[in-house]
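Undergrad: Please find final17.cif (mmCIF, C-alpha atoms) on the next line:
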data_input
loop_
_atom_site.label_atom_id
_atom_site.label_comp_id
_atom_site.auth_asym_id
_atom_site.auth_seq_id
_atom_site.Cartn_x
_atom_site.Cartn_y
_atom_site.Cartn_z
CA SER R 1 -38.75 59.58 -76.52
CA THR R 2 -40.36 59.02 -79.93
CA GLY R 3 -37.59 56.65 -80.98
CA SER R 4 -37.87 54.78 -77.70
CA ILE R 5 -41.63 54.26 -78.03
CA LEU R 6 -41.45 53.27 -81.72
CA GLY R 7 -38.75 50.74 -80.92
CA GLN R 8 -40.93 49.22 -78.21
CA VAL R 9 -43.92 49.03 -80.57
CA ILE R 10 -41.86 47.18 -83.19
CA CYS R 11 -40.60 44.71 -80.58
CA ARG R 12 -44.13 44.08 -79.31
CA ASP R 13 -45.35 43.57 -82.88
CA ALA R 14 -42.65 41.19 -84.01
CA PHE R 15 -41.84 39.16 -80.88
CA HIS R 16 -43.88 37.39 -78.25
CA GLY R 17 -43.52 35.55 -74.95
CA LYS R 18 -40.08 34.58 -73.73
CA GLU R 19 -38.48 35.73 -76.98
CA ARG R 20 -39.72 39.29 -76.42
CA GLY R 21 -38.44 39.34 -72.84
CA ILE R 22 -34.98 38.26 -74.01
CA LEU R 23 -35.06 40.89 -76.76
CA PHE R 24 -35.88 43.70 -74.32
CA SER R 25 -32.95 42.57 -72.18
CA ASN R 26 -30.65 42.68 -75.22
CA ILE R 27 -31.92 46.14 -76.11
CA GLY R 28 -31.23 47.22 -72.53
CA VAL R 29 -27.57 46.28 -72.97
CA ALA R 30 -27.34 48.49 -76.05
CA LEU R 31 -29.15 51.35 -74.34
CA SER R 32 -26.88 51.14 -71.30
CA ILE R 33 -23.86 51.89 -73.50
CA SER R 34 -25.19 55.19 -74.89
CA PRO R 35 -24.90 57.25 -71.66
CA ALA R 36 -21.26 56.20 -71.46
CA ILE R 37 -20.15 56.82 -75.03
CA GLY R 38 -22.49 59.75 -75.79
CA PRO R 39 -20.78 62.35 -73.58
CA PHE R 40 -17.35 61.09 -74.68
CA ILE R 41 -18.15 61.39 -78.40
CA GLY R 42 -19.92 64.71 -77.91
CA GLY R 43 -17.01 66.10 -75.91
CA ALA R 44 -14.49 65.00 -78.50
CA ILE R 45 -16.48 66.58 -81.34
CA ALA R 46 -16.93 69.81 -79.38
CA GLN R 47 -13.22 69.97 -78.57
CA PHE R 48 -11.89 69.34 -82.07
CA VAL R 49 -14.69 70.75 -84.25
CA GLY R 50 -16.64 73.10 -82.00
CA TRP R 51 -20.14 73.00 -80.54
CA ARG R 52 -21.74 73.36 -83.98
CA GLY R 53 -20.12 70.07 -84.91
CA VAL R 54 -22.23 68.27 -82.30
CA PHE R 55 -25.43 69.34 -84.07
CA MET R 56 -24.00 68.47 -87.48
CA ALA R 57 -23.11 65.00 -86.18
CA LEU R 58 -26.66 64.55 -84.83
CA ILE R 59 -28.14 65.58 -88.20
CA LEU R 60 -25.86 63.13 -90.03
CA PHE R 61 -26.68 60.32 -87.61
CA GLY R 62 -30.41 61.04 -87.92
CA MET R 63 -30.21 60.89 -91.71
CA ILE R 64 -28.36 57.57 -91.61
CA VAL R 65 -30.93 56.05 -89.23
CA TRP R 66 -33.81 57.39 -91.36
CA MET R 67 -32.37 55.92 -94.56
CA GLN R 68 -31.64 52.58 -92.90
CA THR R 69 -35.15 52.43 -91.47
CA ARG R 70 -36.77 53.37 -94.78
CA THR R 71 -34.86 50.79 -96.82
CA SER R 72 -34.45 47.88 -94.41
CA LEU R 73 -37.29 47.85 -91.87
CA PRO R 74 -40.41 45.96 -93.01
CA GLU R 75 -43.93 46.48 -91.67
CA THR R 76 -44.16 44.63 -88.33
CA HIS R 77 -47.87 44.96 -87.57
CA PRO R 78 -49.77 42.45 -89.75
CA LYS R 79 -53.06 43.65 -91.19
CA HIS R 80 -55.08 40.78 -89.71
CA SER R 81 -54.21 41.87 -86.16
CA ARG R 82 -54.99 45.57 -86.61
CA SER R 83 -57.95 47.24 -85.01
CA LYS R 84 -59.22 50.82 -85.28
CA GLY R 85 -59.39 51.70 -81.61
CA SER R 86 -59.88 55.38 -80.82
CA ILE R 87 -57.32 57.07 -78.60
CA LEU R 88 -60.04 58.00 -76.12
CA ASN R 89 -61.33 54.42 -75.79
CA VAL R 90 -57.83 52.97 -75.45
CA THR R 91 -56.99 55.64 -72.85
CA LYS R 92 -60.06 54.77 -70.79
CA THR R 93 -59.17 51.08 -70.90
CA LEU R 94 -55.53 51.67 -69.90
CA ILE R 95 -56.50 53.92 -66.99
CA LYS R 96 -58.71 51.17 -65.59
CA ASP R 97 -56.01 48.48 -65.93
CA PRO R 98 -54.08 48.07 -62.63
CA LYS R 99 -51.32 46.12 -64.39
CA VAL R 100 -50.63 48.98 -66.81
CA LEU R 101 -50.69 51.56 -64.01
CA VAL R 102 -48.34 49.60 -61.73
CA TYR R 103 -45.90 48.50 -64.43
CA GLY R 104 -45.80 51.98 -65.98
CA GLY R 105 -45.44 53.58 -62.56
CA ILE R 106 -42.43 51.43 -61.74
CA ILE R 107 -40.81 52.04 -65.14
CA GLY R 108 -41.37 55.77 -64.67
CA GLY R 109 -40.07 55.64 -61.12
CA LEU R 110 -36.87 53.82 -62.05
CA ASN R 111 -36.20 56.10 -64.99
CA GLY R 112 -37.14 59.12 -62.89
CA ILE R 113 -34.38 58.28 -60.42
CA VAL R 114 -31.90 57.86 -63.27
CA PHE R 115 -32.89 61.18 -64.89
CA SER R 116 -32.73 62.89 -61.50
CA TYR R 117 -29.25 61.51 -60.96
CA TYR R 118 -28.21 62.80 -64.37
CA GLY R 119 -29.45 66.25 -63.36
CA GLU R 120 -28.37 66.27 -59.72
CA GLY R 121 -25.24 64.12 -59.92
CA SER R 122 -23.04 66.89 -61.27
CA PHE R 123 -23.90 69.17 -58.32
CA PHE R 124 -23.55 66.29 -55.86
CA LEU R 125 -20.25 64.91 -57.11
CA ILE R 126 -18.54 67.89 -58.74
CA GLU R 127 -19.63 70.89 -56.68
CA MET R 128 -20.07 69.24 -53.27
CA LEU R 129 -17.46 66.47 -53.37
CA GLY R 130 -14.89 68.00 -55.73
CA MET R 131 -14.89 65.37 -58.47
CA SER R 132 -13.37 66.64 -61.71
CA PRO R 133 -15.74 66.97 -64.68
CA PHE R 134 -13.54 64.54 -66.65
CA VAL R 135 -13.74 61.84 -63.99
CA TYR R 136 -17.46 62.52 -63.63
CA GLY R 137 -17.89 61.78 -67.34
CA ILE R 138 -15.80 58.62 -67.04
CA SER R 139 -17.96 57.45 -64.09
CA PHE R 140 -20.84 56.84 -66.49
CA ILE R 141 -18.87 53.94 -67.96
CA LEU R 142 -19.15 52.20 -64.57
CA LEU R 143 -22.91 52.82 -64.50
CA ALA R 144 -23.25 51.56 -68.08
CA VAL R 145 -21.37 48.36 -67.25
CA SER R 146 -23.60 47.84 -64.19
CA ALA R 147 -26.74 48.32 -66.28
CA ALA R 148 -25.44 45.87 -68.88
CA ILE R 149 -24.80 43.29 -66.15
CA GLY R 150 -28.36 43.80 -64.93
CA CYS R 151 -29.69 43.19 -68.44
CA HIS R 152 -27.65 40.00 -68.77
CA ILE R 153 -29.00 38.77 -65.42
CA SER R 154 -32.52 39.53 -66.64
CA LYS R 155 -31.91 37.70 -69.91
CA TYR R 156 -30.49 34.67 -68.07
CA HIS R 157 -33.52 34.38 -65.81
CA VAL R 158 -36.09 35.03 -68.55
CA SER R 159 -34.55 32.28 -70.68
CA ARG R 160 -35.04 29.91 -67.72
CA ASP R 161 -38.71 30.83 -67.28
CA VAL R 162 -38.28 32.70 -64.01
CA THR R 163 -41.55 34.52 -63.30
CA LEU R 164 -41.85 38.25 -63.87
CA GLU R 165 -42.89 38.77 -60.26
CA ARG R 166 -39.73 37.15 -58.93
CA LEU R 167 -37.50 39.00 -61.39
CA VAL R 168 -39.02 42.41 -60.65
CA MET R 169 -38.85 41.85 -56.90
CA MET R 170 -35.20 40.86 -57.28
CA GLY R 171 -34.43 44.06 -59.20
CA LEU R 172 -36.42 46.37 -56.94
CA GLY R 173 -34.92 44.71 -53.87
CA LEU R 174 -31.42 45.44 -55.14
CA CYS R 175 -32.39 49.05 -55.97
CA THR R 176 -33.91 49.63 -52.53
CA SER R 177 -30.98 47.99 -50.72
CA ALA R 178 -28.52 50.18 -52.62
CA MET R 179 -30.46 53.35 -51.81
CA LEU R 180 -30.77 52.31 -48.16
CA ILE R 181 -26.99 51.99 -47.89
CA PHE R 182 -26.58 55.30 -49.73
CA THR R 183 -28.98 57.07 -47.36
CA LEU R 184 -27.50 55.59 -44.17
CA CYS R 185 -24.02 56.66 -45.27
CA ALA R 186 -25.29 60.18 -45.96
CA LEU R 187 -27.18 60.46 -42.65
CA SER R 188 -24.23 59.14 -40.62
CA ASN R 189 -21.83 61.58 -42.35
CA ILE R 190 -19.78 58.79 -43.88
CA ILE R 191 -20.58 60.65 -47.09
CA HIS R 192 -19.14 64.07 -46.27
CA GLY R 193 -17.34 66.86 -48.06
CA ASN R 194 -14.29 66.30 -45.87
CA ARG R 195 -13.96 62.72 -47.16
CA PRO R 196 -14.37 63.16 -50.91
CA LEU R 197 -12.71 59.93 -52.05
CA THR R 198 -14.73 57.75 -49.68
CA SER R 199 -17.92 59.68 -50.45
CA ILE R 200 -17.48 59.44 -54.21
CA SER R 201 -16.66 55.73 -54.01
CA ILE R 202 -19.77 54.97 -51.94
CA THR R 203 -21.98 57.08 -54.21
CA LEU R 204 -20.79 55.37 -57.38
CA ALA R 205 -21.00 51.91 -55.80
CA CYS R 206 -24.59 52.49 -54.65
CA MET R 207 -25.68 53.99 -57.97
CA SER R 208 -24.03 51.11 -59.83
CA LEU R 209 -26.06 48.62 -57.79
CA PHE R 210 -29.17 50.66 -58.49
CA PHE R 211 -28.51 50.65 -62.25
CA ALA R 212 -28.01 46.87 -62.16
CA GLY R 213 -31.23 46.35 -60.20
CA MET R 214 -33.17 48.64 -62.51
CA ASP R 215 -32.15 46.65 -65.58
CA ILE R 216 -32.96 43.37 -63.92
CA ALA R 217 -36.55 44.54 -63.43
CA LYS R 218 -37.30 46.89 -66.31
CA PRO R 219 -37.03 44.62 -69.41
CA SER R 220 -39.70 42.25 -68.12
CA LEU R 221 -42.02 45.12 -67.20
CA LEU R 222 -41.68 46.64 -70.68
CA SER R 223 -42.17 43.26 -72.30
CA LYS R 224 -45.33 42.24 -70.41
CA ALA R 225 -47.11 45.52 -69.64
CA LEU R 226 -49.25 45.59 -72.80
CA ASP R 227 -49.84 41.90 -73.50
CA SER R 228 -53.60 42.46 -73.59
CA TYR R 229 -53.43 45.28 -76.14
CA GLN R 230 -51.85 43.58 -79.15
CA HIS R 231 -54.75 44.65 -81.39
CA VAL R 232 -54.10 48.35 -80.66
CA ILE R 233 -50.44 48.05 -79.73
CA GLY R 234 -49.28 51.24 -81.45
CA THR R 235 -51.83 53.47 -79.70
CA ALA R 236 -51.43 51.63 -76.39
CA SER R 237 -47.64 51.88 -76.49
CA SER R 238 -47.76 55.61 -77.23
CA LEU R 239 -50.13 56.26 -74.32
CA PHE R 240 -48.15 53.96 -72.04
CA GLY R 241 -44.95 55.84 -72.89
CA PHE R 242 -46.69 59.18 -72.33
CA TYR R 243 -47.82 57.94 -68.91
CA TYR R 244 -44.42 56.90 -67.63
CA TYR R 245 -42.69 59.94 -69.13
CA LEU R 246 -45.11 62.11 -67.13
CA ILE R 247 -43.94 60.27 -64.03
CA ILE R 248 -40.31 60.85 -65.00
CA ALA R 249 -40.99 64.57 -65.45
CA LEU R 250 -42.75 64.76 -62.08
CA ILE R 251 -39.92 63.00 -60.27
CA THR R 252 -37.22 65.20 -61.80
CA PHE R 253 -39.29 68.28 -60.89
CA ILE R 254 -39.61 67.09 -57.28
CA MET R 255 -35.86 66.37 -57.16
CA ALA R 256 -35.15 69.93 -58.26
CA THR R 257 -37.59 71.20 -55.63
CA VAL R 258 -36.26 69.22 -52.65
CA ARG R 259 -32.62 69.94 -53.48
CA ASP R 260 -31.33 71.83 -50.44
CA GLY R 261 -27.58 72.06 -51.03
CA THR R 262 -26.76 69.13 -48.72
CA LEU R 263 -25.53 65.61 -49.41
CA ARG R 264 -28.66 64.07 -47.89
CA ALA R 265 -31.57 65.19 -50.06
CA MET R 266 -30.80 63.06 -53.13
CA PRO R 267 -30.22 59.70 -51.37
CA ILE R 268 -33.25 60.15 -49.10
CA PHE R 269 -35.47 61.00 -52.07
CA PHE R 270 -34.18 58.03 -54.04
CA LEU R 271 -34.75 55.70 -51.08
CA CYS R 272 -38.33 56.91 -50.66
CA LEU R 273 -39.07 56.29 -54.34
CA SER R 274 -37.43 52.84 -54.34
CA GLY R 275 -39.29 51.85 -51.18
CA MET R 276 -42.61 53.02 -52.62
CA MET R 277 -42.09 51.01 -55.80
CA ILE R 278 -41.30 47.76 -54.04
CA VAL R 279 -44.28 48.16 -51.67
CA ILE R 280 -46.68 48.99 -54.52
CA PHE R 281 -45.50 46.04 -56.59
CA LYS R 282 -45.71 43.67 -53.62
CA LEU R 283 -49.27 44.80 -52.91
CA PHE R 284 -50.15 44.39 -56.59
CA ILE R 285 -48.88 40.81 -56.91
CA THR R 286 -50.47 39.91 -53.56
CA LYS R 287 -53.84 41.22 -54.78
CA GLN R 288 -53.41 39.34 -58.09
CA CYS R 289 -52.87 36.10 -56.21
#
Go through the file and emit its structure as structure tokens.
TA:
Amino acid sequence: STGSILGQVICRDAFHGKERGILFSNIGVALSISPAIGPFIGGAIAQFVGWRGVFMALILFGMIVWMQTRTSLPETHPKHSRSKGSILNVTKTLIKDPKVLVYGGIIGGLNGIVFSYYGEGSFFLIEMLGMSPFVYGISFILLAVSAAIGCHISKYHVSRDVTLERLVMMGLGLCTSAMLIFTLCALSNIIHGNRPLTSISITLACMSLFFAGMDIAKPSLLSKALDSYQHVIGTASSLFGFYYYLIIALITFIMATVRDGTLRAMPIFFLCLSGMMIVIFKLFITKQC
């Protein structure tokens, strides 16, 4: 999470306006690849070197990134735009800002669904529907491709000055529609242990649509959430990240709590979250107007 927040701070320091929105979309493409290649690389290292090799590879990668950052990354926050804002004062201001609360809540909600799927998906697909662990790992490539497509759609619309409100509603609408289909299939027993191939196909199709919708909406939210806090962007970004990571933790905890060993709990929970996000955002933009 530290790397994620620092990366966002640097982007907010160095880029502005449309350029920043396009950059966050490009970063989303890169981030969408990691869940697909990470398990593959880790599995290969563990198989040929052993589990200790995974940690050695992480140490080596961390050292390379640290050296590259130290030698090649310049200071991105110019002195003339710095302000000594206390954490307490910035926190009070953020808590009172509806834009920060709504944008952060949606970012946390979208990521919370993704993290919950990462945790619950193995039980849902492997234990309940009989998918092999190897195929389950390969399925993340499909989700990564879907997320990358969502980022490209976001980038295309941002470059053509499509409003954030329209872009976020488009993404959340796709997420909610996908989870509605997922839930209806689960409630009508189309998704059933006796039909594993059909059930797995529907699950992956719906989650792929969700990943695409998420990455249509999320880059713009990350880009615009802290526009009013450029003078204390480092502190504000850290607190903003802490806020939406708390939401992610809460959602994954609730997912673990409501898990009841059936094929219905996960899609229903995801639908409720997606529906809440689109309603909250619609109410927010209506109030702003």
Undergrad: Can you turn the PyMOL selection byres ((chain R and resi 134) around 12) into a concrete residue list for this file, as a list in words?
TA: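 Listing what the PyMOL selection byres ((chain R and resi 134) around 12) selects in the shown file: Pro39, Phe40, Gly43, Ala44, Ser122, Leu125, Ile126, Gly130, Met131, Ser132, Pro133, Val135, Tyr136, Gly137, Ile138, Ser139, Phe140 and Ile141 of chain R.
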Undergrad: Nearest residue to Arg264 of chain R out of R:Leu187, R:Leu172, R:Ala144, R:Ile251, using all atoms listed in the file?
TA: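 Closest residue, counting all atoms listed in the file: R:Leu187.
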Undergrad: Please write the residues picked by the PyMOL selection byres ((chain R and resi 252) around 9) on this file as a list of chain:residue names.
TA: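 This file, filtered by the PyMOL selection byres ((chain R and resi 252) around 9), leaves R:Gly112, R:Ile113, R:Phe115, R:Ser116, R:Tyr117, R:Gly119, R:Ile247, R:Ile248, R:Ala249, R:Leu250, R:Ile251, R:Phe253, R:Ile254, R:Met255, R:Ala256, R:Thr257.
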Undergrad: Go ahead and save the picked residues with C-alpha atoms, as a PDB file, in the frame of the given file.
TA:
ATOM      1  CA  GLY R 112     -37.140  59.120 -62.890  1.00  0.00           C
ATOM      2  CA  ILE R 113     -34.380  58.280 -60.420  1.00  0.00           C
ATOM      3  CA  PHE R 115     -32.890  61.180 -64.890  1.00  0.00           C
ATOM      4  CA  SER R 116     -32.730  62.890 -61.500  1.00  0.00           C
ATOM      5  CA  TYR R 117     -29.250  61.510 -60.960  1.00  0.00           C
ATOM      6  CA  GLY R 119     -29.450  66.250 -63.360  1.00  0.00           C
ATOM      7  CA  ILE R 247     -43.940  60.270 -64.030  1.00  0.00           C
ATOM      8  CA  ILE R 248     -40.310  60.850 -65.000  1.00  0.00           C
ATOM      9  CA  ALA R 249     -40.990  64.570 -65.450  1.00  0.00           C
ATOM     10  CA  LEU R 250     -42.750  64.760 -62.080  1.00  0.00           C
ATOM     11  CA  ILE R 251     -39.920  63.000 -60.270  1.00  0.00           C
ATOM     12  CA  PHE R 253     -39.290  68.280 -60.890  1.00  0.00           C
ATOM     13  CA  ILE R 254     -39.610  67.090 -57.280  1.00  0.00           C
ATOM     14  CA  MET R 255     -35.860  66.370 -57.160  1.00  0.00           C
ATOM     15  CA  ALA R 256     -35.150  69.930 -58.260  1.00  0.00           C
ATOM     16  CA  THR R 257     -37.590  71.200 -55.630  1.00  0.00           C
TER      17      THR R 257
END
Undergrad: Please report, as a tab-separated table, each residue of segment 195-256 of chain R lying at most 10 Å from segment 180-185 of chain R, together with the nearest pair of atoms and the separation in Å rounded to one decimal; use only C-alpha atoms, and order rows by chain and ascending residue number.
TA:
residue	atom	partner	partner_atom	distance
R:Ser199	CA	R:Cys185	CA	8.6
R:Ile202	CA	R:Phe182	CA	7.2
R:Thr203	CA	R:Phe182	CA	6.7
R:Leu204	CA	R:Phe182	CA	9.6
R:Ala205	CA	R:Phe182	CA	8.9
R:Cys206	CA	R:Phe182	CA	6.0
R:Met207	CA	R:Phe182	CA	8.4
Undergrad: Just checking: using all atoms listed in the file, which residue out of R:Ser177, R:Ser86, R:Gln47, R:Ser72 ends up closest to Thr235 of chain R?
TA: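 Checking each of R:Ser177, R:Ser86, R:Gln47, R:Ser72 against Thr235 of chain R, counting all atoms listed in the file, the winner is R:Ser86.
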Undergrad: Mind giving me the straight-line distance from atom CA of Thr262 of chain R to atom CA of Met276 of chain R in Å, one decimal?
TA: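 Separating atom CA of Thr262 of chain R from atom CA of Met276 of chain R is a distance of 22.9 Å.
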Undergrad: Which residues would end up in the selection if the PyMOL selection byres ((chain R and resi 18) around 8) were applied here, given that I need the answer as a ChimeraX atom specification?
TA: /R:16-17,19-22,158-159,161
Undergrad: So that all listed atoms of segment 165-183 of chain R fit with 5 Å spare on each side, what axis-aligned box centre and edge lengths in Å, to one decimal, would you give as AutoDock Vina command-line options?
TA:
--center_x -34.7 --center_y 47.1 --center_z -54.4 --size_x 26.3 --size_y 29.9 --size_z 24.0
